[in-house]
>>> print(open('run27.cif').read())   # mmCIF, C-alpha atoms
data_upload
#
loop_
_atom_site.label_atom_id
_atom_site.label_comp_id
_atom_site.auth_asym_id
_atom_site.auth_seq_id
_atom_site.Cartn_x
_atom_site.Cartn_y
_atom_site.Cartn_z
CA MET A 204 -7.81 -43.47 50.59
CA ALA A 205 -10.35 -40.67 50.83
CA SER A 206 -13.43 -41.23 52.97
CA PRO A 207 -16.87 -41.29 51.28
CA LEU A 208 -17.75 -38.03 52.95
CA GLU A 209 -14.63 -36.40 51.57
CA LEU A 210 -15.38 -37.72 48.09
CA ARG A 211 -18.94 -36.38 48.25
CA ARG A 212 -17.62 -32.98 49.25
CA ARG A 213 -15.18 -32.91 46.37
CA ILE A 214 -17.88 -33.93 43.91
CA ARG A 215 -20.07 -31.11 45.14
CA SER A 216 -17.26 -28.59 44.95
CA VAL A 217 -16.28 -29.56 41.39
CA ASP A 218 -19.94 -29.45 40.38
CA ASN A 219 -20.24 -25.89 41.72
CA THR A 220 -17.22 -24.87 39.71
CA ARG A 221 -18.70 -26.50 36.64
CA GLN A 222 -21.89 -24.50 37.02
CA ILE A 223 -19.86 -21.31 37.09
CA THR A 224 -17.70 -22.19 34.10
CA ARG A 225 -20.76 -23.25 32.12
CA ALA A 226 -22.54 -19.97 32.92
CA MET A 227 -19.42 -18.02 31.87
CA GLN A 228 -19.24 -20.03 28.66
CA LEU A 229 -22.83 -19.12 27.76
CA VAL A 230 -22.41 -15.46 28.64
CA ALA A 231 -19.20 -15.27 26.60
CA ALA A 232 -20.95 -16.91 23.63
CA SER A 233 -23.71 -14.32 23.53
CA ARG A 234 -21.31 -11.41 24.08
CA MET A 235 -19.11 -12.76 21.33
CA ARG A 236 -22.00 -12.59 18.87
CA ARG A 237 -22.65 -9.00 19.85
CA ALA A 238 -18.96 -8.13 19.53
CA GLN A 239 -18.83 -9.67 16.06
CA GLU A 240 -21.86 -7.65 15.02
CA ALA A 241 -20.11 -4.52 16.24
CA VAL A 242 -17.08 -5.39 14.08
CA GLN A 243 -19.37 -5.73 11.06
CA ALA A 244 -21.22 -2.50 11.84
CA ALA A 245 -17.96 -0.54 11.89
CA ARG A 246 -17.10 -1.47 8.32
CA PRO A 247 -19.02 1.15 6.27
CA TYR A 248 -17.36 4.04 8.10
CA ALA A 249 -13.93 2.51 7.55
CA THR A 250 -14.59 2.08 3.85
CA HIS A 251 -15.86 5.64 3.41
CA ILE A 252 -13.11 7.31 5.39
CA SER A 253 -10.41 5.45 3.44
CA GLY A 254 -11.99 6.56 0.16
CA MET A 255 -12.20 10.13 1.32
CA ILE A 256 -8.58 10.19 2.46
CA GLU A 257 -7.52 8.77 -0.88
CA ARG A 258 -9.29 11.59 -2.76
CA LEU A 259 -7.91 14.20 -0.38
CA VAL A 260 -4.32 12.98 -0.69
CA LEU A 261 -4.66 12.94 -4.44
CA ALA A 262 -5.94 16.51 -4.45
CA THR A 263 -3.38 17.80 -1.95
CA GLY A 264 -0.35 16.34 -3.68
CA ASN A 265 2.47 14.54 -1.89
CA ASP A 266 4.55 17.67 -1.52
CA ARG A 267 1.88 19.69 0.28
CA LEU A 268 0.71 17.13 2.85
CA PRO A 269 -0.10 18.50 6.31
CA PRO A 270 2.63 17.99 8.97
CA ILE A 271 0.72 15.10 10.54
CA LEU A 272 1.33 13.09 7.35
CA GLN A 273 4.90 14.08 6.74
CA PRO A 274 7.43 11.38 7.63
CA ARG A 275 10.28 12.29 9.93
CA PRO A 276 13.30 10.42 11.31
CA ILE A 277 12.29 8.01 14.06
CA GLU A 278 13.96 8.60 17.40
CA ARG A 279 11.12 7.73 19.74
CA THR A 280 8.54 5.00 19.33
CA ALA A 281 5.37 4.52 21.35
CA PHE A 282 3.63 1.16 21.61
CA LEU A 283 -0.10 0.99 22.21
CA VAL A 284 -0.87 -2.42 23.68
CA LEU A 285 -4.48 -3.60 23.86
CA THR A 286 -5.31 -6.21 26.48
CA THR A 287 -8.41 -7.18 28.44
CA ASN A 288 -9.40 -6.06 31.92
CA ARG A 289 -10.46 -9.51 32.99
CA GLY A 290 -8.77 -12.87 32.88
CA LEU A 291 -10.02 -16.39 32.23
CA ALA A 292 -9.56 -15.77 28.54
CA GLY A 293 -7.13 -18.55 27.72
CA PRO A 294 -3.77 -17.53 26.27
CA LEU A 295 -5.11 -14.29 24.73
CA ASN A 296 -3.31 -11.76 26.92
CA THR A 297 -0.18 -13.85 27.30
CA ASN A 298 0.20 -13.93 23.52
CA ILE A 299 -0.20 -10.16 23.29
CA ILE A 300 2.34 -9.57 26.05
CA ARG A 301 4.81 -11.95 24.42
CA LYS A 302 4.38 -10.19 21.07
CA THR A 303 4.91 -6.82 22.74
CA VAL A 304 8.12 -7.92 24.43
CA SER A 305 9.51 -9.37 21.20
CA GLU A 306 8.56 -6.22 19.24
CA ILE A 307 10.24 -3.96 21.77
CA ASP A 308 13.30 -6.23 21.90
CA ALA A 309 13.53 -6.01 18.13
CA THR A 310 13.49 -2.21 18.22
CA SER A 311 16.89 -0.60 17.80
CA ASP A 312 18.61 0.43 21.03
CA GLU A 313 18.94 3.97 19.75
CA ILE A 314 15.19 4.39 19.73
CA GLU A 315 13.52 5.51 22.91
CA VAL A 316 10.48 3.35 23.66
CA SER A 317 7.36 4.32 25.56
CA VAL A 318 4.42 2.06 26.28
CA VAL A 319 0.73 2.92 26.52
CA VAL A 320 -1.46 0.13 27.84
CA VAL A 321 -5.17 -0.56 27.62
CA GLY A 322 -6.47 -3.20 30.04
CA LYS A 323 -5.58 -4.37 33.54
CA LYS A 324 -3.97 -7.57 32.29
CA GLY A 325 -1.46 -5.63 30.22
CA GLN A 326 -0.82 -3.21 33.04
CA VAL A 327 0.00 -5.98 35.49
CA ALA A 328 2.24 -7.86 33.06
CA LEU A 329 4.11 -4.91 31.58
CA ARG A 330 4.60 -2.51 34.46
CA GLY A 331 7.51 -4.55 35.81
CA LEU A 332 9.24 -4.54 32.41
CA TYR A 333 8.81 -1.03 31.03
CA THR A 334 7.87 2.44 32.13
CA LEU A 335 4.23 2.86 31.21
CA THR A 336 3.40 6.32 29.84
CA ALA A 337 -0.33 5.87 30.28
CA VAL A 338 -2.71 3.13 31.34
CA PHE A 339 -6.40 2.90 30.51
CA THR A 340 -8.34 0.36 32.53
CA ASP A 341 -11.80 1.91 32.48
CA ILE A 342 -12.79 0.95 28.95
CA SER A 343 -15.74 -1.44 28.81
CA ASP A 344 -15.57 -4.70 26.90
CA GLN A 345 -18.32 -3.29 24.69
CA PRO A 346 -16.40 -0.14 23.80
CA SER A 347 -17.89 2.94 22.20
CA VAL A 348 -15.94 5.52 20.22
CA LEU A 349 -16.27 7.93 23.14
CA ASP A 350 -14.64 5.34 25.44
CA ILE A 351 -11.51 5.26 23.36
CA ALA A 352 -11.37 9.00 22.56
CA PRO A 353 -8.87 9.73 25.39
CA VAL A 354 -6.52 7.03 24.05
CA THR A 355 -6.51 8.46 20.54
CA GLN A 356 -6.23 11.99 21.82
CA LEU A 357 -3.14 11.10 23.80
CA LEU A 358 -1.49 9.55 20.74
CA VAL A 359 -2.47 12.27 18.27
CA ASP A 360 -1.35 15.05 20.62
CA GLY A 361 1.87 13.23 21.47
CA TYR A 362 2.70 12.69 17.81
CA GLU A 363 1.95 16.30 16.90
CA ARG A 364 4.02 17.58 19.81
CA GLY A 365 6.88 15.27 18.86
CA ASP A 366 6.82 13.14 22.03
CA PHE A 367 7.20 10.22 19.66
CA ASP A 368 7.85 9.85 15.94
CA GLU A 369 6.18 6.51 15.47
CA VAL A 370 3.25 4.73 17.11
CA ARG A 371 2.66 1.02 16.78
CA MET A 372 -0.42 -0.76 18.05
CA ILE A 373 -0.47 -4.38 19.18
CA TYR A 374 -3.83 -6.12 19.49
CA PRO A 375 -5.38 -9.56 18.96
CA GLU A 376 -7.00 -9.97 15.59
CA PHE A 377 -10.13 -12.07 15.65
CA VAL A 378 -9.50 -14.69 12.95
CA ASN A 379 -12.12 -17.15 14.13
CA ILE A 380 -13.44 -18.58 17.38
CA LEU A 381 -10.40 -20.80 17.88
CA ASN A 382 -7.79 -18.45 16.52
CA GLN A 383 -6.79 -14.95 17.60
CA GLN A 384 -3.53 -13.65 16.23
CA PRO A 385 -1.46 -10.85 17.75
CA ARG A 386 -1.18 -8.09 15.14
CA VAL A 387 1.12 -5.10 14.94
CA VAL A 388 -0.06 -2.09 12.94
CA ARG A 389 1.49 1.32 12.55
CA LEU A 390 -0.77 4.19 13.60
CA PHE A 391 1.80 6.95 13.03
CA PRO A 392 3.17 7.89 10.59
CA VAL A 393 -0.24 7.17 9.12
CA VAL A 394 -0.34 4.35 6.61
CA LEU A 395 -2.34 5.91 3.81
CA PRO A 396 -4.77 3.83 1.80
CA GLU A 397 -3.22 2.53 -1.38
CA ILE A 398 -3.81 4.95 -4.24
CA GLN A 399 -4.50 3.35 -7.58
CA GLN A 400 -2.04 4.24 -10.31
CA ASP A 401 -4.77 5.21 -12.73
CA ALA A 402 -6.58 7.41 -10.20
CA ARG A 403 -7.04 10.90 -11.53
CA GLU A 404 -7.77 14.01 -9.64
CA ALA A 405 -11.52 14.42 -9.95
CA ASP A 406 -13.07 17.85 -10.11
CA ILE A 407 -14.00 18.14 -6.45
CA ILE A 408 -14.83 21.24 -4.43
CA PHE A 409 -13.07 21.28 -1.07
CA GLU A 410 -14.17 23.43 1.83
CA PRO A 411 -12.06 25.02 3.19
CA ASP A 412 -9.23 23.26 1.21
CA PRO A 413 -7.99 19.66 0.79
CA ALA A 414 -5.00 20.00 3.14
CA SER A 415 -7.03 21.31 6.09
CA VAL A 416 -9.83 18.78 5.62
CA LEU A 417 -7.18 16.08 5.47
CA GLU A 418 -5.53 17.37 8.60
CA ALA A 419 -8.85 17.28 10.45
CA LEU A 420 -9.73 13.86 9.06
CA ILE A 421 -6.52 12.07 10.08
CA PRO A 422 -7.28 12.00 13.84
CA ARG A 423 -10.68 10.47 12.96
CA PHE A 424 -8.93 7.89 10.82
CA VAL A 425 -6.60 6.96 13.68
CA GLU A 426 -9.56 6.89 16.06
CA MET A 427 -11.41 4.56 13.73
CA THR A 428 -8.36 2.27 13.48
CA VAL A 429 -8.01 2.09 17.28
CA TYR A 430 -11.77 1.63 17.70
CA ARG A 431 -11.83 -1.28 15.28
CA ALA A 432 -8.85 -2.86 17.05
CA MET A 433 -10.76 -2.51 20.34
CA LEU A 434 -13.70 -4.32 18.75
CA GLU A 435 -11.37 -7.08 17.56
CA LEU A 436 -10.03 -7.29 21.10
CA ALA A 437 -13.58 -7.56 22.48
CA ALA A 438 -14.55 -10.30 20.02
CA SER A 439 -11.27 -12.12 20.71
CA GLU A 440 -11.73 -11.84 24.47
CA GLN A 441 -15.20 -13.33 24.41
CA SER A 442 -14.32 -16.14 22.05
CA ALA A 443 -11.13 -17.01 23.94
CA ARG A 444 -13.11 -17.03 27.17
CA MET A 445 -15.85 -19.13 25.64
CA VAL A 446 -13.34 -21.74 24.44
CA ALA A 447 -11.44 -21.72 27.75
CA MET A 448 -14.65 -22.09 29.74
CA ARG A 449 -15.91 -24.87 27.51
CA ALA A 450 -12.68 -26.75 28.14
CA ALA A 451 -13.00 -26.10 31.88
CA THR A 452 -16.59 -27.35 31.89
CA GLU A 453 -15.62 -30.52 30.04
CA ASN A 454 -12.73 -31.01 32.41
CA ALA A 455 -14.99 -30.67 35.43
CA THR A 456 -17.43 -33.19 33.95
CA GLU A 457 -14.63 -35.72 33.52
CA LEU A 458 -13.39 -35.06 37.01
CA ILE A 459 -16.85 -35.60 38.46
CA GLU A 460 -17.22 -38.86 36.56
CA GLY A 461 -13.94 -40.11 38.01
CA LEU A 462 -14.88 -39.06 41.53
CA ARG A 463 -18.34 -40.64 41.25
CA LEU A 464 -16.77 -43.89 40.13
CA ALA A 465 -14.34 -43.83 43.05
CA TYR A 466 -17.15 -42.95 45.44
CA ASN A 467 -19.43 -45.74 44.17
CA LYS A 468 -16.63 -48.29 44.29
CA LEU A 469 -15.83 -47.30 47.84
CA ARG A 470 -19.48 -47.44 48.85
CA GLN A 471 -19.92 -50.81 47.20
CA SER A 472 -16.83 -52.28 48.84
CA ARG A 473 -18.00 -51.01 52.22
CA ILE A 474 -21.41 -52.60 51.74
CA THR A 475 -19.79 -55.82 50.58
CA SER A 476 -17.51 -55.99 53.55
CA GLU A 477 -20.39 -55.20 55.86
CA ILE A 478 -22.47 -58.00 54.32
CA ILE A 479 -19.53 -60.36 54.66
CA ASP A 480 -19.25 -59.32 58.28
CA ILE A 481 -22.91 -59.97 58.96
CA ALA A 482 -22.96 -63.17 56.94
CA SER A 483 -19.89 -64.58 58.62
CA GLY A 484 -21.32 -63.57 61.99
CA ALA A 485 -24.57 -65.35 61.19
CA ASN A 486 -22.68 -68.40 59.93
CA ALA A 487 -20.60 -68.51 63.09
CA LEU A 488 -23.79 -68.47 65.17
CA ALA A 489 -25.40 -71.18 63.05
CA ASP A 490 -22.28 -73.35 63.34
CA ALA A 491 -22.21 -73.02 67.07
CA MET B 168 -35.72 14.08 -11.43
CA ALA B 169 -33.77 11.57 -9.38
CA GLY B 170 -33.31 12.61 -5.77
CA LEU B 171 -30.24 12.38 -3.60
CA THR B 172 -29.21 9.37 -1.58
CA LEU B 173 -28.15 10.35 1.90
CA THR B 174 -26.15 8.03 4.12
CA VAL B 175 -24.93 8.91 7.56
CA VAL B 176 -22.31 6.59 9.01
CA SER B 177 -20.70 6.79 12.41
CA PRO B 178 -17.72 4.63 13.42
CA GLU B 179 -20.19 2.47 15.32
CA ARG B 180 -22.80 1.84 12.63
CA GLU B 181 -24.65 3.06 9.60
CA VAL B 182 -27.02 5.51 11.23
CA LEU B 183 -29.18 6.38 8.28
CA ARG B 184 -29.79 5.65 4.64
CA GLU B 185 -32.44 7.67 2.82
CA GLU B 186 -33.29 7.60 -0.87
CA ASP B 187 -34.99 10.27 -3.02
CA VAL B 188 -34.00 13.17 -0.81
CA THR B 189 -34.70 16.58 -2.34
CA LEU B 190 -32.54 18.75 -0.08
CA VAL B 191 -29.83 18.28 2.52
CA LEU B 192 -28.86 21.13 4.85
CA ALA B 193 -25.61 20.64 6.73
CA PRO B 194 -23.53 22.77 9.14
CA SER B 195 -20.27 23.12 7.20
CA VAL B 196 -17.29 24.89 8.80
CA GLU B 197 -17.77 27.56 6.14
CA GLY B 198 -21.41 28.08 7.10
CA GLN B 199 -24.74 26.43 6.44
CA LEU B 200 -24.59 24.31 3.31
CA GLY B 201 -27.54 23.34 1.13
CA ILE B 202 -27.25 20.41 -1.25
CA LEU B 203 -29.71 19.79 -4.06
CA PRO B 204 -29.73 16.84 -6.45
CA ARG B 205 -26.95 16.94 -9.08
CA HIS B 206 -24.69 18.95 -6.83
CA ALA B 207 -21.04 19.08 -7.93
CA PRO B 208 -18.59 16.70 -6.14
CA LEU B 209 -17.70 18.20 -2.78
CA ILE B 210 -15.78 17.29 0.37
CA THR B 211 -16.16 19.43 3.45
CA GLN B 212 -15.75 19.41 7.18
CA LEU B 213 -18.83 19.72 9.41
CA GLU B 214 -19.33 21.47 12.71
CA PRO B 215 -21.50 20.19 15.56
CA GLY B 216 -25.07 21.09 14.68
CA THR B 217 -28.14 19.90 12.88
CA LEU B 218 -28.36 17.94 9.69
CA GLU B 219 -31.66 18.49 7.95
CA LEU B 220 -33.11 16.48 5.13
CA ARG B 221 -36.19 17.22 3.05
CA ARG B 222 -38.14 14.86 0.90
CA GLY B 223 -40.95 16.83 -0.69
CA ALA B 224 -42.90 18.30 2.22
CA GLU B 225 -41.38 15.94 4.77
CA THR B 226 -38.53 17.25 6.95
CA GLN B 227 -36.22 15.32 9.29
CA HIS B 228 -33.58 16.59 11.72
CA PHE B 229 -30.49 14.86 13.02
CA SER B 230 -28.04 16.06 15.57
CA ILE B 231 -24.42 15.61 14.58
CA THR B 232 -21.42 16.36 16.71
CA GLY B 233 -19.14 17.17 13.83
CA GLY B 234 -17.73 15.13 11.00
CA PHE B 235 -17.24 15.21 7.27
CA LEU B 236 -19.48 15.32 4.26
CA GLU B 237 -18.91 14.14 0.76
CA VAL B 238 -21.08 14.64 -2.32
CA MET B 239 -20.40 12.36 -5.23
CA ASP B 240 -22.64 11.02 -8.00
CA ASN B 241 -25.84 12.26 -6.39
CA THR B 242 -24.91 10.56 -3.14
CA VAL B 243 -24.32 12.49 0.05
CA THR B 244 -22.21 10.63 2.60
CA VAL B 245 -21.83 12.04 6.07
CA LEU B 246 -19.05 10.63 8.23
CA ALA B 247 -20.46 11.65 11.57
CA ASP B 248 -18.57 11.46 14.83
CA ALA B 249 -21.93 10.61 16.34
CA SER B 250 -25.41 11.25 15.07
CA GLU B 251 -28.95 10.69 16.27
CA ASN B 252 -32.45 11.40 15.12
CA ALA B 253 -34.20 14.36 16.75
CA SER B 254 -37.05 12.14 17.89
CA GLU B 255 -34.56 9.90 19.72
CA ILE B 256 -33.04 12.75 21.69
CA SER B 257 -34.32 13.28 25.17
CA ARG B 258 -34.41 16.94 26.03
CA GLU B 259 -33.90 16.23 29.73
CA ARG B 260 -30.89 14.07 29.09
CA ALA B 261 -29.32 16.61 26.75
CA GLU B 262 -29.93 19.33 29.31
CA ALA B 263 -28.43 17.19 32.09
CA ALA B 264 -25.42 16.44 29.88
CA ARG B 265 -24.96 20.15 29.23
CA GLU B 266 -24.98 20.93 32.95
CA ALA B 267 -22.57 18.10 33.72
CA ALA B 268 -20.23 19.32 30.98
CA VAL B 269 -20.25 22.87 32.34
CA ARG B 270 -19.43 21.57 35.81
CA ASP B 271 -16.63 19.37 34.46
CA LEU B 272 -15.25 22.26 32.50
CA GLU B 273 -15.08 24.47 35.59
CA GLU B 274 -13.51 21.66 37.57
CA ALA B 275 -10.94 21.02 34.82
CA ARG B 276 -10.05 24.70 34.58
CA ARG B 277 -9.47 24.80 38.31
CA THR B 278 -7.21 21.74 38.30
CA HIS B 279 -5.55 22.64 34.97
CA ASP B 280 -6.26 19.17 33.63
CA ASP B 281 -5.78 19.56 29.87
CA MET B 282 -7.22 16.21 28.95
CA MET B 283 -10.31 16.79 31.05
CA THR B 284 -10.75 20.29 29.66
CA THR B 285 -10.77 18.98 26.11
CA GLN B 286 -13.17 16.20 27.04
CA ALA B 287 -15.52 18.58 28.81
CA ARG B 288 -15.46 21.07 25.97
CA LEU B 289 -16.33 18.36 23.48
CA ALA B 290 -19.09 17.08 25.75
CA LEU B 291 -20.51 20.59 25.99
CA LEU B 292 -20.51 21.06 22.22
CA ARG B 293 -22.25 17.72 21.81
CA ALA B 294 -24.93 18.59 24.36
CA LEU B 295 -25.53 21.98 22.75
CA ALA B 296 -25.82 20.39 19.30
CA ARG B 297 -28.45 18.01 20.63
CA LEU B 298 -30.44 20.76 22.31
CA ARG B 299 -30.36 22.81 19.11
CA THR B 300 -31.66 19.87 17.12
CA VAL B 301 -34.54 19.26 19.50
CA GLU B 302 -35.52 22.92 19.42
CA ARG B 303 -35.32 23.22 15.68
CA SER B 304 -37.45 20.15 15.07
CA ARG B 305 -40.09 21.42 17.53
CA ARG B 306 -40.30 24.68 15.67
CA GLY B 307 -40.41 22.62 12.71
#
>>> encode(input="run27.cif", output="structure tokens")
Amino acid sequence: MASPLELRRRIRSVDNTRQITRAMQLVAASRMRRAQEAVQAARPYATHISGMIERLVLATGNDRLPPILQPRPIERTAFLVLTTNRGLAGPLNTNIIRKTVSEIDATSDEIEVSVVVVGKKGQVALRGLYTLTAVFTDISDQPSVLDIAPVTQLLVDGYERGDFDEVRMIYPEFVNILNQQPRVVRLFPVVLPEIQQDAREADIIFEPDPASVLEALIPRFVEMTVYRAMLELAASEQSARMVAMRAATENATELIEGLRLAYNKLRQSRITSEIIDIASGANALADA
Amino acid sequence: MAGLTLTVVSPEREVLREEDVTLVLAPSVEGQLGILPRHAPLITQLEPGTLELRRGAETQHFSITGGFLEVMDNTVTVLADASENASEISRERAEAAREAAVRDLEEARRTHDDMMTTQARLALLRALARLRTVERSRRG
């Protein structure tokens, strides 16, 4: 049986933890709102760039696409894995890591695999399993396009040089506050926006010409795709943390209730036994 | 006559939406490009520089660090890598950024760091584009 002093100490310690988890919950909630706004704000650019690519592809013709869009046999695949730098985000990173391992396992043995990781959590979990080509751990959880430029550059250059013939990105998609799903998307060869069957080549002036504009636009398109995935990661991170911290806070509250009850019972029984002591002492005196 | 609608979007947000614009001047890779209302459909690549818009006698300048421009149905859409209004640019900060970029570039050349060289060169172009915008809007 714990002493009252020990119980008091434990109550205080759990209460301190609860204050921290509650503060983290509130911070995560406000950051999550900001992250969601950032996801929304990135939409117009995505819509416009897809439309522009569609018109450019239509004007270039499938047989004259720039090399960056031409498919080639896949011998080497790179995986870009997006994870968070910090923990206490529930099962978010674990799910991403698990998805990554299963994706790589499912890749044919003849294909050489390289792994590029964003986030300390991914680095720690994956470095024992695979050789990591590059690791980025200095990207903030409120990323800007400039933050992720080195990541995209590495992939675009590597694909153009032929270091890999395919790039797949794995990141958590923010479905809602309680649900973040690991997603796999192909960055290279670029998945072009669906072109409507009835689309006709409009009379558009291209400067210098459709193929070169397209070639210059593709890295931006990839950058935008990675940037949006980073925003999804940020929103997922904050919401996962918020939910995890809310659970931790509730847990701590329950724990404190239990400890208080135990402490009060102990205190009461001590008082009772003391009173019995005194009373029986007094009775003994009176009897004598 | 109906004016142009100009929208500038960066990956991060819609930077600008202006209606009834009478002229847009943009730094195309083929040289300075002027767009008047009822311009033919056009898609072009932009260089780092200044985007200028006129509405009657009113003139506004924006620094862009490169991107793409599309004209369609009297609407000019600029997909900017990054863009900001001249009045939001701090001359001191742009100047400091230019100096830092030059230093980084020298450092990168010395260490033969390709990634850093590219980054520094881009940073320098961005800083120069901002300075140009500030100067042009002062002259005004």
>>> resolve_selection(input="run27.cif", expression="the PyMOL selection byres ((chain B) within 12 of (chain A))", output="PyMOL selection string")
chain B and resi 174-184+194-200+206-214+232-240+243-249+281-287+289-290+293
>>> resolve_selection(input="run27.cif", expression="the PyMOL selection byres ((chain B and resi 202) around 6)", output="list in words")
Leu190, Val191, Gly201 and Leu203 of chain B
>>> atom_distance(input="run27.cif", atom1="atom CA of Leu436 of chain A", atom2="atom CA of Glu453 of chain A")
25.5 Å
>>> residues_around(input="run27.cif", residues="Pro385 of chain A", least_positions_apart="2", cutoff="8 Å", atoms="only C-alpha atoms", output="PDB file with C-alpha atoms, in the frame of the given file")
ATOM      1  CA  ASN A 298       0.200 -13.930  23.520  1.00  0.00           C
ATOM      2  CA  ILE A 299      -0.200 -10.160  23.290  1.00  0.00           C
ATOM      3  CA  LYS A 302       4.380 -10.190  21.070  1.00  0.00           C
ATOM      4  CA  ILE A 373      -0.470  -4.380  19.180  1.00  0.00           C
ATOM      5  CA  TYR A 374      -3.830  -6.120  19.490  1.00  0.00           C
ATOM      6  CA  PRO A 375      -5.380  -9.560  18.960  1.00  0.00           C
ATOM      7  CA  GLU A 376      -7.000  -9.970  15.590  1.00  0.00           C
ATOM      8  CA  GLN A 383      -6.790 -14.950  17.600  1.00  0.00           C
ATOM      9  CA  VAL A 387       1.120  -5.100  14.940  1.00  0.00           C
TER      10      VAL A 387
END
>>> atom_distance(input="run27.cif", atom1="atom CA of Gly365 of chain A", atom2="atom CA of Glu315 of chain A")
12.5 Å
>>> resolve_selection(input="run27.cif", expression="the PyMOL selection byres ((chain A and resi 456-460) around 10)", output="PyMOL selection string")
chain A and resi 210+213-218+221+450-455+461-466
>>> residues_around(input="run27.cif", residues="Ala437 of chain A", least_positions_apart="5", cutoff="9 Å", atoms="only C-alpha atoms", output="list in words")
Arg234, Met235, Ala238, Gln239, Thr287, Asp344, Gln345, Pro346, Phe377, Ala432 and Ser442 of chain A
>>> residues_around(input="run27.cif", residues="Arg303 of chain B", least_positions_apart="6", cutoff="12 Å", atoms="only C-alpha atoms", output="mmCIF file with C-alpha atoms, keeping the file's coordinate frame")
data_model
loop_
_atom_site.group_PDB
_atom_site.id
_atom_site.type_symbol
_atom_site.label_atom_id
_atom_site.label_comp_id
_atom_site.auth_asym_id
_atom_site.auth_seq_id
_atom_site.Cartn_x
_atom_site.Cartn_y
_atom_site.Cartn_z
ATOM 1 C CA GLY B 216 -25.070 21.090 14.680
ATOM 2 C CA THR B 217 -28.140 19.900 12.880
ATOM 3 C CA LEU B 218 -28.360 17.940 9.690
ATOM 4 C CA GLU B 219 -31.660 18.490 7.950
ATOM 5 C CA THR B 226 -38.530 17.250 6.950
ATOM 6 C CA GLN B 227 -36.220 15.320 9.290
ATOM 7 C CA HIS B 228 -33.580 16.590 11.720
ATOM 8 C CA PHE B 229 -30.490 14.860 13.020
ATOM 9 C CA SER B 230 -28.040 16.060 15.570
ATOM 10 C CA ALA B 253 -34.200 14.360 16.750
ATOM 11 C CA SER B 254 -37.050 12.140 17.890
ATOM 12 C CA ALA B 296 -25.820 20.390 19.300
ATOM 13 C CA ARG B 297 -28.450 18.010 20.630
#
>>> closest_residue(input="run27.cif", among="B:Leu292, B:Asn241, B:Asp280, B:Pro204", to="Arg265 of chain B", atoms="all atoms listed in the file")
B:Leu292
>>> closest_residue(input="run27.cif", among="A:Ile223, A:Val425, A:Ala443, A:Leu395", to="Gly293 of chain A", atoms="all atoms listed in the file")
A:Ala443
>>> atom_distance(input="run27.cif", atom1="atom CA of Leu335 of chain A", atom2="atom CA of Leu390 of chain A")
18.4 Å
>>> decode(input="run27.cif", residues="segment 194-205 of chain B", atoms="N, CA and C atoms", output="PDB file, in the first residue's frame")
ATOM      1  N   PRO B 194       7.515  39.953 -68.079  1.00  0.00           N
ATOM      2  CA  PRO B 194       8.835  39.588 -68.607  1.00  0.00           C
ATOM      3  C   PRO B 194       8.849  38.174 -69.192  1.00  0.00           C
ATOM      4  N   SER B 195       8.447  38.043 -70.438  1.00  0.00           N
ATOM      5  CA  SER B 195       8.454  36.720 -71.075  1.00  0.00           C
ATOM      6  C   SER B 195       9.881  36.328 -71.421  1.00  0.00           C
ATOM      7  N   VAL B 196      10.130  35.024 -71.608  1.00  0.00           N
ATOM      8  CA  VAL B 196      11.485  34.581 -71.980  1.00  0.00           C
ATOM      9  C   VAL B 196      11.881  35.122 -73.351  1.00  0.00           C
ATOM     10  N   GLU B 197      10.886  35.518 -74.140  1.00  0.00           N
ATOM     11  CA  GLU B 197      11.162  36.050 -75.475  1.00  0.00           C
ATOM     12  C   GLU B 197      11.273  37.578 -75.465  1.00  0.00           C
ATOM     13  N   GLY B 198      11.241  38.152 -74.268  1.00  0.00           N
ATOM     14  CA  GLY B 198      11.308  39.603 -74.154  1.00  0.00           C
ATOM     15  C   GLY B 198      10.066  40.152 -73.486  1.00  0.00           C
ATOM     16  N   GLN B 199      10.073  41.456 -73.259  1.00  0.00           N
ATOM     17  CA  GLN B 199       8.946  42.105 -72.585  1.00  0.00           C
ATOM     18  C   GLN B 199       7.666  41.902 -73.394  1.00  0.00           C
ATOM     19  N   LEU B 200       6.590  41.578 -72.686  1.00  0.00           N
ATOM     20  CA  LEU B 200       5.351  41.223 -73.365  1.00  0.00           C
ATOM     21  C   LEU B 200       4.246  42.147 -72.870  1.00  0.00           C
ATOM     22  N   GLY B 201       3.528  42.781 -73.796  1.00  0.00           N
ATOM     23  CA  GLY B 201       2.420  43.644 -73.408  1.00  0.00           C
ATOM     24  C   GLY B 201       1.101  43.006 -73.802  1.00  0.00           C
ATOM     25  N   ILE B 202       0.163  42.944 -72.874  1.00  0.00           N
ATOM     26  CA  ILE B 202      -1.121  42.324 -73.168  1.00  0.00           C
ATOM     27  C   ILE B 202      -2.238  43.333 -72.975  1.00  0.00           C
ATOM     28  N   LEU B 203      -2.998  43.528 -74.044  1.00  0.00           N
ATOM     29  CA  LEU B 203      -4.155  44.423 -74.003  1.00  0.00           C
ATOM     30  C   LEU B 203      -5.418  43.569 -73.986  1.00  0.00           C
ATOM     31  N   PRO B 204      -6.546  44.149 -73.622  1.00  0.00           N
ATOM     32  CA  PRO B 204      -7.792  43.388 -73.681  1.00  0.00           C
ATOM     33  C   PRO B 204      -7.995  42.770 -75.064  1.00  0.00           C
ATOM     34  N   ARG B 205      -8.638  41.644 -75.112  1.00  0.00           N
ATOM     35  CA  ARG B 205      -8.949  40.878 -76.325  1.00  0.00           C
ATOM     36  C   ARG B 205      -7.703  40.364 -77.031  1.00  0.00           C
TER      37      ARG B 205
END
